[in-house]
Amino acid sequence: MKHHFADEYSQVDGILQKIDPRIKIISALLFVFLVNITPFTKAFSLIYYTFILVLCSLLANVPLLRIFQKSLVSLPFIIFFALFSLFYHHRQPWFSGVIVIKAYLSILAMILLISTTSFSHFLKALQKLKIPVILVMILSFMYRYLFVITDELMNVKTAKDARTVGGSAWFHTKVLANIIGVVFISSYERSERIYKAMLSRGFDGTIRTLDDFKCKNRDYLFGFTALSIFIIIKIMEYSLQ
Amino acid sequence: MSPLIEIKDLSYAYPDGNLALENVSLEVEEGDCIGLIGPNGAGKSTLLLHMNGILHGNNQILIEGMEITPETICQVREKVALVFQDPEHQLFMPSVYEDVAFGPVNMGWSKDKVNWQVDLALQEVDMLSAKHRSSHHLSFGEKKRISLATVLSMKPKILVLDEPSSNLDPKHRWELIDLLKNLNITKLIATHDLELVSILCNKVAILNRGLLKAFGPASEILSNKDLLVSYDLAKP
Ligand SMILES: Nc1ncnc2c1ncn2[C@@H]1O[C@H](COP(=O)(O)OP(=O)(O)OP(=O)(O)O)[C@@H](O)[C@H]1O
Ligand SMILES: [Mg+2]
């Protein structure tokens with residue numbers, strides 16, 4: 001089957017991939033927070049944040065174009081949101097532009113975080129950061145079963161295509177309706193089976209992974225650098241009038 | 001001494017009312033290798049799913065004299081390793097390595113021990129080269145071999161296999177037979193591969209439409225041609 005995993009760059013050799021996931025998550029969240037509290041009057045400082053992102057993707061050996069591609073999915077939502085905010089800030093339409101940029105930068109940061117952290121480590125880091133287990137579990141199953149469902153859909157579609165010769169558009173639409181039903185039921189049953197397979201290999205609801213995190217000097221250095229850069233940006237924001 | 005596995009009057013109906021097992025009783029001694037044969041839909045897979053508590057029938061199954069209850073289920077699953085018929089149901093982690101390590105990690109082993117067992121298990125099924133690949137992209141036979149590795153890495157006491165040799169190429173089928181032959185643990189194998197049964201198993205059970213029709217020494221049952229023919233297991 002063909003699909004991209006969210007963490008497709010987590011095994012690539014890069015500096016960002018080696019940083020402790022907890023530090024990465026906190027830095028990324030801080031990044032998003034700072035981007036979003038940047039006042040509209042100081043919107044120029046968003047350029048600094050853009051530079052940080054570019055730098056990080058270089059550190060991670062991730063092609064910028066790929067991150068950009070991945071972010072396209074979110075674009076319609078952002079634009080919709082921006083259009084909506086036009087009514088809100090009707091006097092200054094460029095506010096909407098700033099909102100778009102802020103939202104977009106936040107999403108790019110999250111994509112960079114997710115694609116350079118192996119998903120099981122990401123989950124474990126969330127757990128270590130005291131995110132409620134139930135939320136972590138939901139994320140974990142969502143991720144796992146997303147692929148189960150796409151797989152199932154592709155299987156059924158292949159089966160259909162293999163037996164389809166001609167036929168009207170209406171006929172295909174009807175078949176599609178059936179396929180959706182079948183896929184729903186079979187992926188439901190399949191996820192049940194997978195859960196049983198997990199149980200039968202000793203899964204009891206706690207997420208266990210092998211690599212226990214230990215912050216090394218490198219990680220502290222990364223966290224410290226990130227924090228300093230953020231502070232410098234904030235200072236520049238307010239000193240440059 | 002009580003038998004390692006004791007199945008007493010097991011009946012099971014699927015939620016849709018399909019009665020898949022009816023009063024099956026079976027005893028497995030330590031060191032046995034039991035071949036479970038029968039036509040399609042006989043209930044072989046259903047029986048195997050009971051062995052580590054994934055399905056619960058009406059009556060008890062005792063593993064080393066221990067009932068399968070919510071309290072004992074963890075202990076039972078450490079002893080009894082089950083490989084599903086369909087590898088798609090067995091493999092669910094992002095990479096082969098993580099899948100094979102899933103059981104050992106859940107058993108709380110140390111990192112070195114887990115890594116060692118994972119490499120060993122993958123080597124045994126000749127899939128070490130695929131360690132860091134994603135199991136989604138492997139061939140069906142390769143997935144079957146990795147499925148076996150996912151439980152070999154747990155060092156179980158009892159191995160329960162559902163059609164382990166289906167879809168394997170001849171070379172890997174023979175390697176599998178050799179591997180199982182050299183594995184000195186109790187085995188329960190559901191299969192249509194009578195050659196595999198005759199090489200590996202000391203006892204054979206025939207299941208048909210949910211009923212246990214015969215159970216005895218392999219040589220006796222496999223040489224009884226009339227019996228095999230009457231359950232569609234051999235050419236008339
Ligand atoms: N999830 C299910 N829901 C309802 N009925 C089922 C389900 N799974 C299996 N059955 C039915 O239970 C019976 C036994 O099925 P089982 O899968 O145990 O057969 P089997 O002996 O393993 O066959 P095969 O050789 O084809 O693998 C069959 O009649 C089957 O239709
Ligand atoms: Mg079966």
# chains A, B, ... in the order shown; residues from 1 in each chain; ligands from 1
>>> residues_near_ligand(ligand="ligand 2", cutoff="12 Å", atoms="only C-alpha atoms and all ligand atoms", output="MDAnalysis selection string")
chainID B and resid 20 36:49 83:86 161:164 166 189:192 207
>>> residues_around(residues="region 94-111 of chain A", least_positions_apart="4", cutoff="9 Å", atoms="only C-alpha atoms", output="PyMOL selection string")
chain A and resi 6+25+28-29+31-33+35-36+38+40+43+46+49-50+53+67-68+70-71+74-75+78-79+81-86+89-90+115-116
>>> write_last_selection(atoms="C-alpha atoms", output="PDB file, in the first residue's frame")
ATOM      1  CA  ALA A   6       3.280  11.582   9.231  1.00  0.00           C
ATOM      2  CA  ILE A  25       7.428  19.760  21.779  1.00  0.00           C
ATOM      3  CA  ALA A  28       7.416  24.200  19.185  1.00  0.00           C
ATOM      4  CA  LEU A  29       4.505  25.096  21.449  1.00  0.00           C
ATOM      5  CA  PHE A  31       7.066  29.092  19.075  1.00  0.00           C
ATOM      6  CA  VAL A  32       3.373  28.855  18.188  1.00  0.00           C
ATOM      7  CA  PHE A  33       2.418  30.822  21.277  1.00  0.00           C
ATOM      8  CA  VAL A  35       3.926  33.836  16.899  1.00  0.00           C
ATOM      9  CA  ASN A  36       0.316  34.212  17.837  1.00  0.00           C
ATOM     10  CA  THR A  38       2.802  39.052  18.176  1.00  0.00           C
ATOM     11  CA  PHE A  40      -0.520  43.375  14.695  1.00  0.00           C
ATOM     12  CA  ALA A  43       3.857  42.083  12.315  1.00  0.00           C
ATOM     13  CA  LEU A  46       7.062  37.384  11.879  1.00  0.00           C
ATOM     14  CA  TYR A  49      10.044  33.373  12.976  1.00  0.00           C
ATOM     15  CA  THR A  50      10.029  32.403   9.328  1.00  0.00           C
ATOM     16  CA  LEU A  53      11.572  27.645  10.605  1.00  0.00           C
ATOM     17  CA  ILE A  67       6.923  20.684   4.351  1.00  0.00           C
ATOM     18  CA  PHE A  68       5.215  23.190   2.121  1.00  0.00           C
ATOM     19  CA  LYS A  70       2.188  18.878   3.469  1.00  0.00           C
ATOM     20  CA  SER A  71       0.874  22.226   4.654  1.00  0.00           C
ATOM     21  CA  SER A  74      -4.524  23.186   5.837  1.00  0.00           C
ATOM     22  CA  LEU A  75      -4.612  26.159   3.485  1.00  0.00           C
ATOM     23  CA  ILE A  78      -6.800  29.139   7.029  1.00  0.00           C
ATOM     24  CA  ILE A  79      -8.205  31.066   4.087  1.00  0.00           C
ATOM     25  CA  PHE A  81     -10.826  31.674   8.615  1.00  0.00           C
ATOM     26  CA  ALA A  82      -9.163  34.766   7.158  1.00  0.00           C
ATOM     27  CA  LEU A  83     -12.200  35.570   5.032  1.00  0.00           C
ATOM     28  CA  PHE A  84     -14.329  35.251   8.094  1.00  0.00           C
ATOM     29  CA  SER A  85     -12.086  37.634  10.025  1.00  0.00           C
ATOM     30  CA  LEU A  86     -12.472  40.208   7.243  1.00  0.00           C
ATOM     31  CA  HIS A  89     -11.588  43.639  11.302  1.00  0.00           C
ATOM     32  CA  HIS A  90     -13.471  45.354   8.524  1.00  0.00           C
ATOM     33  CA  SER A 115       7.611  14.836  10.676  1.00  0.00           C
ATOM     34  CA  THR A 116      10.943  14.791  12.497  1.00  0.00           C
TER      35      THR A 116
END
>>> interface_residues(of="chain B", to="chain A", cutoff="9 Å", atoms="only C-alpha atoms", output="MDAnalysis selection string")
chainID B and resid 52:54 74:75 77:78 80:84 88:94 98 101:108 110:111 114 136:138 150:151 154
>>> residues_around(residues="Arg218 (chain A)", least_positions_apart="4", cutoff="10 Å", atoms="only C-alpha atoms", output="tab-separated table (two decimals) with N, CA and C atoms, in the first residue's frame")
chain	number	residue	atom	x	y	z
A	15	ILE	N	19.99	17.03	12.85
A	15	ILE	CA	20.17	17.46	14.24
A	15	ILE	C	18.83	17.47	14.98
A	18	LYS	N	17.58	14.34	16.56
A	18	LYS	CA	18.27	13.77	17.72
A	18	LYS	C	17.88	14.45	19.03
A	19	ILE	N	17.16	15.57	18.90
A	19	ILE	CA	16.79	16.31	20.10
A	19	ILE	C	15.68	15.57	20.86
A	20	ASP	N	15.74	15.60	22.15
A	20	ASP	CA	14.73	14.97	22.99
A	20	ASP	C	13.33	15.48	22.61
A	222	PHE	N	19.92	22.90	23.01
A	222	PHE	CA	18.88	23.23	22.03
A	222	PHE	C	17.80	24.07	22.69
A	223	GLY	N	17.34	23.60	23.85
A	223	GLY	CA	16.27	24.32	24.55
A	223	GLY	C	16.70	25.73	24.91
A	224	PHE	N	17.93	25.84	25.36
A	224	PHE	CA	18.45	27.13	25.79
A	224	PHE	C	18.58	28.08	24.59
>>> select_by_dssp(residues="region 28-127 of chain B", states="helix (DSSP H, G or I)", output="compact mmCIF listing (two decimals) with all heavy atoms, in the first residue's frame")
# COMPACT_ATOMS: atom_id res chain seq x y z
N LYS B 44 -11.42 -24.11 13.00
CA LYS B 44 -10.04 -24.19 13.49
C LYS B 44 -9.59 -22.84 14.05
O LYS B 44 -9.10 -22.76 15.19
CB LYS B 44 -9.09 -24.62 12.35
CG LYS B 44 -9.45 -25.94 11.71
CD LYS B 44 -8.45 -26.32 10.63
CE LYS B 44 -8.47 -25.38 9.44
NZ LYS B 44 -9.70 -25.40 8.64
N SER B 45 -9.78 -21.80 13.25
CA SER B 45 -9.32 -20.49 13.71
C SER B 45 -10.08 -20.06 14.96
O SER B 45 -9.50 -19.49 15.89
CB SER B 45 -9.54 -19.44 12.62
OG SER B 45 -8.80 -19.77 11.48
N THR B 46 -11.36 -20.38 15.00
CA THR B 46 -12.16 -20.02 16.16
C THR B 46 -11.62 -20.69 17.42
O THR B 46 -11.50 -20.06 18.48
CB THR B 46 -13.62 -20.44 15.93
OG1 THR B 46 -14.03 -19.95 14.66
CG2 THR B 46 -14.52 -19.90 17.01
N LEU B 47 -11.26 -21.97 17.29
CA LEU B 47 -10.72 -22.69 18.45
C LEU B 47 -9.41 -22.04 18.91
O LEU B 47 -9.21 -21.81 20.10
CB LEU B 47 -10.49 -24.17 18.08
CG LEU B 47 -9.89 -25.04 19.18
CD1 LEU B 47 -10.84 -25.08 20.39
CD2 LEU B 47 -9.61 -26.45 18.70
N LEU B 48 -8.56 -21.72 17.95
CA LEU B 48 -7.26 -21.14 18.33
C LEU B 48 -7.43 -19.79 19.04
O LEU B 48 -6.68 -19.47 19.95
CB LEU B 48 -6.36 -20.99 17.10
CG LEU B 48 -5.93 -22.29 16.41
CD1 LEU B 48 -4.82 -22.02 15.42
CD2 LEU B 48 -5.49 -23.34 17.41
N LEU B 49 -8.41 -19.02 18.61
CA LEU B 49 -8.62 -17.71 19.24
C LEU B 49 -9.02 -17.84 20.70
O LEU B 49 -8.94 -16.88 21.47
CB LEU B 49 -9.68 -16.91 18.49
CG LEU B 49 -9.25 -16.34 17.14
CD1 LEU B 49 -10.41 -15.66 16.44
CD2 LEU B 49 -8.10 -15.36 17.31
N HIS B 50 -9.45 -19.04 21.09
CA HIS B 50 -9.78 -19.25 22.50
C HIS B 50 -8.53 -19.50 23.36
O HIS B 50 -8.59 -19.36 24.57
CB HIS B 50 -10.72 -20.45 22.66
CG HIS B 50 -12.14 -20.12 22.34
ND1 HIS B 50 -12.64 -20.13 21.06
CD2 HIS B 50 -13.18 -19.78 23.14
CE1 HIS B 50 -13.91 -19.81 21.08
NE2 HIS B 50 -14.27 -19.59 22.33
N ILE B 73 -5.33 -13.31 32.77
CA ILE B 73 -5.14 -13.20 31.33
C ILE B 73 -3.73 -12.79 30.94
O ILE B 73 -3.17 -13.28 29.97
CB ILE B 73 -6.21 -12.26 30.73
CG1 ILE B 73 -6.27 -12.42 29.22
CG2 ILE B 73 -5.96 -10.82 31.05
CD1 ILE B 73 -7.43 -13.21 28.79
N CYS B 74 -3.12 -11.90 31.75
CA CYS B 74 -1.77 -11.44 31.41
C CYS B 74 -0.77 -12.58 31.49
O CYS B 74 0.07 -12.75 30.61
CB CYS B 74 -1.35 -10.31 32.33
SG CYS B 74 -2.17 -8.78 31.92
N GLN B 75 -0.88 -13.38 32.55
CA GLN B 75 0.02 -14.53 32.68
C GLN B 75 -0.17 -15.50 31.52
O GLN B 75 0.78 -16.04 30.97
CB GLN B 75 -0.27 -15.27 33.98
CG GLN B 75 0.20 -14.55 35.21
CD GLN B 75 -0.28 -15.30 36.45
OE1 GLN B 75 -0.05 -16.49 36.59
NE2 GLN B 75 -0.95 -14.60 37.33
N VAL B 76 -1.46 -15.73 31.17
CA VAL B 76 -1.74 -16.66 30.09
C VAL B 76 -1.11 -16.16 28.79
O VAL B 76 -0.48 -16.92 28.05
CB VAL B 76 -3.27 -16.82 29.90
CG1 VAL B 76 -3.58 -17.55 28.61
CG2 VAL B 76 -3.86 -17.57 31.09
N ARG B 77 -1.22 -14.86 28.54
CA ARG B 77 -0.70 -14.34 27.28
C ARG B 77 0.81 -14.32 27.23
O ARG B 77 1.39 -14.28 26.15
CB ARG B 77 -1.28 -12.95 27.02
CG ARG B 77 -2.71 -13.06 26.60
CD ARG B 77 -3.39 -11.76 26.37
NE ARG B 77 -4.76 -12.04 25.94
CZ ARG B 77 -5.77 -11.21 26.08
NH1 ARG B 77 -5.58 -10.05 26.65
NH2 ARG B 77 -6.96 -11.53 25.65
N GLU B 78 1.45 -14.34 28.39
CA GLU B 78 2.90 -14.48 28.36
C GLU B 78 3.30 -15.90 28.00
O GLU B 78 4.36 -16.12 27.42
CB GLU B 78 3.49 -14.10 29.73
CG GLU B 78 3.84 -12.65 29.80
CD GLU B 78 4.42 -12.27 31.15
OE1 GLU B 78 5.09 -13.11 31.78
OE2 GLU B 78 4.19 -11.13 31.57
N LYS B 79 2.44 -16.86 28.36
CA LYS B 79 2.76 -18.27 28.08
C LYS B 79 2.36 -18.67 26.67
O LYS B 79 3.09 -19.38 25.99
CB LYS B 79 2.01 -19.17 29.06
CG LYS B 79 2.52 -19.08 30.47
CD LYS B 79 2.01 -20.28 31.26
CE LYS B 79 2.55 -20.23 32.67
NZ LYS B 79 1.68 -19.51 33.60
N PRO B 87 -1.93 -12.13 8.34
CA PRO B 87 -0.87 -11.28 8.92
C PRO B 87 -1.29 -9.81 9.03
O PRO B 87 -0.72 -9.07 9.83
CB PRO B 87 0.29 -11.45 7.95
CG PRO B 87 -0.28 -11.95 6.70
CD PRO B 87 -1.51 -12.72 7.06
N GLU B 88 -2.28 -9.40 8.23
CA GLU B 88 -2.74 -8.02 8.33
C GLU B 88 -3.26 -7.72 9.73
O GLU B 88 -3.31 -6.60 10.17
CB GLU B 88 -3.86 -7.74 7.33
CG GLU B 88 -3.52 -8.06 5.90
CD GLU B 88 -2.67 -6.98 5.25
OE1 GLU B 88 -2.57 -5.90 5.85
OE2 GLU B 88 -2.14 -7.23 4.17
N HIS B 89 -3.72 -8.79 10.40
CA HIS B 89 -4.25 -8.59 11.75
C HIS B 89 -3.16 -8.65 12.80
O HIS B 89 -3.39 -8.32 13.95
CB HIS B 89 -5.31 -9.65 12.07
CG HIS B 89 -6.48 -9.60 11.15
ND1 HIS B 89 -7.23 -10.70 10.84
CD2 HIS B 89 -7.01 -8.56 10.48
CE1 HIS B 89 -8.17 -10.34 9.99
NE2 HIS B 89 -8.07 -9.06 9.76
N GLN B 90 -2.01 -9.12 12.39
CA GLN B 90 -0.95 -9.33 13.36
C GLN B 90 -0.01 -8.13 13.43
O GLN B 90 0.56 -7.85 14.47
CB GLN B 90 -0.15 -10.58 12.94
CG GLN B 90 0.91 -11.01 13.92
CD GLN B 90 0.36 -11.95 14.96
OE1 GLN B 90 -0.66 -12.58 14.74
NE2 GLN B 90 1.00 -12.04 16.08
N VAL B 96 8.69 -2.80 11.02
CA VAL B 96 8.86 -4.21 11.36
C VAL B 96 9.51 -4.36 12.74
O VAL B 96 9.06 -5.14 13.58
CB VAL B 96 9.71 -4.91 10.28
CG1 VAL B 96 10.13 -6.29 10.74
CG2 VAL B 96 8.95 -4.98 8.98
N TYR B 97 10.55 -3.54 12.95
CA TYR B 97 11.24 -3.62 14.23
C TYR B 97 10.28 -3.37 15.40
O TYR B 97 10.23 -4.14 16.36
CB TYR B 97 12.39 -2.61 14.27
CG TYR B 97 12.98 -2.45 15.64
CD1 TYR B 97 13.85 -3.39 16.15
CD2 TYR B 97 12.62 -1.36 16.44
CE1 TYR B 97 14.37 -3.26 17.42
CE2 TYR B 97 13.12 -1.22 17.71
CZ TYR B 97 14.00 -2.17 18.21
OH TYR B 97 14.49 -2.04 19.47
N GLU B 98 9.50 -2.31 15.29
CA GLU B 98 8.59 -1.97 16.39
C GLU B 98 7.54 -3.05 16.60
O GLU B 98 7.11 -3.32 17.71
CB GLU B 98 7.92 -0.62 16.12
CG GLU B 98 8.83 0.55 16.39
CD GLU B 98 8.27 1.85 15.87
OE1 GLU B 98 8.43 2.13 14.67
OE2 GLU B 98 7.65 2.58 16.65
N ASP B 99 7.14 -3.69 15.48
CA ASP B 99 6.15 -4.75 15.60
C ASP B 99 6.71 -5.95 16.35
O ASP B 99 6.07 -6.50 17.24
CB ASP B 99 5.70 -5.19 14.20
CG ASP B 99 4.21 -5.02 14.03
OD1 ASP B 99 3.49 -5.29 15.01
OD2 ASP B 99 3.78 -4.62 12.96
N VAL B 100 7.92 -6.35 15.97
CA VAL B 100 8.51 -7.52 16.62
C VAL B 100 8.85 -7.20 18.08
O VAL B 100 8.79 -8.06 18.95
CB VAL B 100 9.76 -8.00 15.85
CG1 VAL B 100 10.38 -9.21 16.51
CG2 VAL B 100 9.36 -8.35 14.42
N ALA B 101 9.15 -5.93 18.35
CA ALA B 101 9.50 -5.56 19.73
C ALA B 101 8.27 -5.32 20.60
O ALA B 101 8.40 -5.23 21.82
CB ALA B 101 10.38 -4.30 19.71
N PHE B 102 7.10 -5.24 19.99
CA PHE B 102 5.90 -4.86 20.74
C PHE B 102 5.64 -5.79 21.94
O PHE B 102 5.43 -5.32 23.06
CB PHE B 102 4.69 -4.87 19.81
CG PHE B 102 3.42 -4.36 20.44
CD1 PHE B 102 3.14 -3.01 20.46
CD2 PHE B 102 2.50 -5.24 21.02
CE1 PHE B 102 1.98 -2.53 21.03
CE2 PHE B 102 1.34 -4.77 21.60
CZ PHE B 102 1.08 -3.41 21.60
N GLY B 103 5.66 -7.11 21.68
CA GLY B 103 5.41 -8.06 22.76
C GLY B 103 6.47 -7.97 23.86
O GLY B 103 6.15 -7.77 25.03
N PRO B 104 7.75 -8.11 23.49
CA PRO B 104 8.81 -8.03 24.51
C PRO B 104 8.77 -6.74 25.32
O PRO B 104 8.97 -6.76 26.54
CB PRO B 104 10.10 -8.11 23.68
CG PRO B 104 9.71 -8.86 22.46
CD PRO B 104 8.29 -8.51 22.19
N VAL B 105 8.50 -5.62 24.66
CA VAL B 105 8.44 -4.34 25.38
C VAL B 105 7.31 -4.37 26.40
O VAL B 105 7.46 -3.94 27.55
CB VAL B 105 8.27 -3.16 24.40
CG1 VAL B 105 7.94 -1.89 25.15
CG2 VAL B 105 9.53 -2.97 23.60
N ASN B 106 6.18 -4.94 25.98
CA ASN B 106 5.05 -5.04 26.91
C ASN B 106 5.35 -5.96 28.08
O ASN B 106 4.73 -5.85 29.13
CB ASN B 106 3.80 -5.53 26.18
CG ASN B 106 3.05 -4.40 25.55
OD1 ASN B 106 3.01 -3.30 26.10
ND2 ASN B 106 2.48 -4.63 24.39
N LYS B 111 16.18 -3.03 27.50
CA LYS B 111 16.40 -2.65 26.11
C LYS B 111 17.32 -3.62 25.37
O LYS B 111 17.04 -4.03 24.25
CB LYS B 111 16.98 -1.24 26.09
CG LYS B 111 17.13 -0.68 24.72
CD LYS B 111 17.58 0.76 24.77
CE LYS B 111 17.84 1.23 23.35
NZ LYS B 111 18.16 2.63 23.27
N ASP B 112 18.41 -4.01 26.03
CA ASP B 112 19.36 -4.91 25.38
C ASP B 112 18.72 -6.25 25.07
O ASP B 112 18.89 -6.80 24.00
CB ASP B 112 20.59 -5.12 26.29
CG ASP B 112 21.44 -3.88 26.36
OD1 ASP B 112 21.35 -3.08 25.41
OD2 ASP B 112 22.15 -3.70 27.36
N LYS B 113 17.96 -6.73 26.05
CA LYS B 113 17.33 -8.03 25.87
C LYS B 113 16.32 -7.97 24.71
O LYS B 113 16.26 -8.88 23.89
CB LYS B 113 16.62 -8.45 27.17
CG LYS B 113 16.13 -9.88 27.11
CD LYS B 113 15.62 -10.36 28.45
CE LYS B 113 15.04 -11.76 28.32
NZ LYS B 113 14.26 -12.15 29.49
N VAL B 114 15.55 -6.89 24.69
CA VAL B 114 14.57 -6.76 23.61
C VAL B 114 15.26 -6.73 22.26
O VAL B 114 14.91 -7.49 21.34
CB VAL B 114 13.72 -5.47 23.79
CG1 VAL B 114 12.84 -5.23 22.58
CG2 VAL B 114 12.86 -5.57 25.04
N ASN B 115 16.30 -5.88 22.13
CA ASN B 115 16.99 -5.78 20.84
C ASN B 115 17.57 -7.12 20.42
O ASN B 115 17.48 -7.51 19.25
CB ASN B 115 18.12 -4.74 20.93
CG ASN B 115 17.56 -3.35 20.81
OD1 ASN B 115 16.54 -3.15 20.15
ND2 ASN B 115 18.19 -2.40 21.47
N TRP B 116 18.13 -7.82 21.36
CA TRP B 116 18.72 -9.12 21.09
C TRP B 116 17.66 -10.10 20.60
O TRP B 116 17.84 -10.78 19.60
CB TRP B 116 19.41 -9.59 22.37
CG TRP B 116 19.77 -11.03 22.42
CD1 TRP B 116 19.18 -11.99 23.18
CD2 TRP B 116 20.83 -11.68 21.71
NE1 TRP B 116 19.79 -13.19 22.97
CE2 TRP B 116 20.81 -13.04 22.07
CE3 TRP B 116 21.78 -11.25 20.78
CZ2 TRP B 116 21.69 -13.97 21.55
CZ3 TRP B 116 22.67 -12.18 20.26
CH2 TRP B 116 22.62 -13.53 20.65
N GLN B 117 16.53 -10.16 21.31
CA GLN B 117 15.47 -11.10 20.93
C GLN B 117 14.85 -10.74 19.59
O GLN B 117 14.48 -11.61 18.81
CB GLN B 117 14.37 -11.12 22.00
CG GLN B 117 14.79 -11.71 23.33
CD GLN B 117 15.16 -13.18 23.23
OE1 GLN B 117 14.96 -13.82 22.21
NE2 GLN B 117 15.74 -13.72 24.29
N VAL B 118 14.72 -9.43 19.31
CA VAL B 118 14.14 -9.01 18.04
C VAL B 118 15.04 -9.46 16.90
O VAL B 118 14.58 -10.06 15.91
CB VAL B 118 13.94 -7.48 18.01
CG1 VAL B 118 13.62 -7.01 16.60
CG2 VAL B 118 12.84 -7.08 18.96
N ASP B 119 16.34 -9.21 17.03
CA ASP B 119 17.26 -9.62 15.97
C ASP B 119 17.25 -11.13 15.78
O ASP B 119 17.21 -11.63 14.66
CB ASP B 119 18.70 -9.17 16.31
CG ASP B 119 18.89 -7.70 16.00
OD1 ASP B 119 17.91 -7.08 15.54
OD2 ASP B 119 19.99 -7.18 16.23
N LEU B 120 17.22 -11.84 16.90
CA LEU B 120 17.22 -13.30 16.84
C LEU B 120 15.97 -13.80 16.10
O LEU B 120 16.04 -14.63 15.20
CB LEU B 120 17.25 -13.85 18.26
CG LEU B 120 17.66 -15.30 18.43
CD1 LEU B 120 19.12 -15.45 18.07
CD2 LEU B 120 17.41 -15.76 19.86
N ALA B 121 14.81 -13.26 16.49
CA ALA B 121 13.55 -13.71 15.90
C ALA B 121 13.50 -13.39 14.42
O ALA B 121 13.07 -14.21 13.61
CB ALA B 121 12.37 -13.06 16.63
N LEU B 122 13.99 -12.20 14.05
CA LEU B 122 13.97 -11.83 12.63
C LEU B 122 14.93 -12.69 11.83
O LEU B 122 14.66 -13.05 10.69
CB LEU B 122 14.32 -10.35 12.46
CG LEU B 122 13.17 -9.39 12.79
CD1 LEU B 122 13.65 -7.95 12.73
CD2 LEU B 122 12.01 -9.59 11.83
N GLN B 123 16.05 -13.04 12.46
CA GLN B 123 17.01 -13.91 11.79
C GLN B 123 16.39 -15.28 11.55
O GLN B 123 16.55 -15.87 10.49
CB GLN B 123 18.24 -14.05 12.68
CG GLN B 123 19.52 -14.18 11.94
CD GLN B 123 20.65 -13.59 12.75
OE1 GLN B 123 20.62 -13.63 13.99
NE2 GLN B 123 21.62 -13.02 12.08
N GLU B 124 15.66 -15.76 12.54
CA GLU B 124 15.07 -17.09 12.43
C GLU B 124 14.09 -17.19 11.27
O GLU B 124 13.93 -18.24 10.68
CB GLU B 124 14.38 -17.47 13.74
CG GLU B 124 15.35 -17.98 14.78
CD GLU B 124 14.70 -18.24 16.12
OE1 GLU B 124 13.76 -17.53 16.50
OE2 GLU B 124 15.14 -19.17 16.81
>>> atom_distance(atom1="CA of Ser147 (chain B)", atom2="CA of Met127 (chain B)")
10.7 Å
>>> closest_residue(among="B:Ser153, B:Asn202, B:Asn18, B:Asn23", to="ligand 1", atoms="only C-alpha atoms and all ligand atoms")
B:Asn18
>>> closest_residue(among="B:Val229, B:Leu196, B:Leu128, B:Leu211", to="ligand 1", atoms="only C-alpha atoms and all ligand atoms")
B:Leu211
>>> residues_around(residues="Leu233 (chain B)", least_positions_apart="2", cutoff="10 Å", atoms="only C-alpha atoms", output="list in words")
Ile37, Gly38, Pro39, His192, Asp193, Leu194, Ile206, Leu222, Lys225, Asp226, Leu227, Leu228, Val229, Ser230, Tyr231, Lys235 and Pro236 of chain B
>>> residues_around(residues="region 9-16 of chain B", least_positions_apart="2", cutoff="6 Å", atoms="only C-alpha atoms", output="PDB file with C-alpha atoms, in the first residue's frame")
ATOM      1  CA  ASN B  18     -23.252 -18.914  13.818  1.00  0.00           C
ATOM      2  CA  LEU B  19     -22.350 -21.895  15.999  1.00  0.00           C
ATOM      3  CA  ALA B  20     -18.666 -22.352  15.230  1.00  0.00           C
ATOM      4  CA  LEU B  21     -17.656 -24.811  17.974  1.00  0.00           C
ATOM      5  CA  GLU B  22     -19.701 -27.468  19.693  1.00  0.00           C
ATOM      6  CA  ASN B  23     -18.581 -29.402  22.764  1.00  0.00           C
ATOM      7  CA  VAL B  24     -14.944 -29.622  21.828  1.00  0.00           C
ATOM      8  CA  SER B  25     -12.743 -31.320  24.430  1.00  0.00           C
ATOM      9  CA  GLY B  57     -16.655 -19.780  24.923  1.00  0.00           C
ATOM     10  CA  ASN B  58     -19.116 -21.237  27.406  1.00  0.00           C
ATOM     11  CA  ASN B  59     -16.756 -23.507  29.228  1.00  0.00           C
TER      12      ASN B  59
END
>>> residues_around(residues="Ser2 (chain B)", least_positions_apart="5", cutoff="9 Å", atoms="only C-alpha atoms", output="ChimeraX atom specification")
/B:29,64-65
>>> write_last_selection(atoms="N, CA, C and O atoms", output="CSV table (one decimal), in the first residue's frame")
chain,number,residue,atom,x,y,z
B,29,GLU,N,-0.6,-32.2,26.1
B,29,GLU,CA,0.5,-32.4,27.1
B,29,GLU,C,1.7,-31.6,26.7
B,29,GLU,O,1.9,-31.1,25.6
B,64,GLU,N,-2.1,-24.8,32.1
B,64,GLU,CA,-1.3,-25.2,33.3
B,64,GLU,C,-2.2,-25.2,34.5
B,64,GLU,O,-1.8,-24.8,35.5
B,65,GLY,N,-3.4,-25.7,34.3
B,65,GLY,CA,-4.3,-25.8,35.5
B,65,GLY,C,-5.0,-24.5,35.8
B,65,GLY,O,-5.7,-24.4,36.8
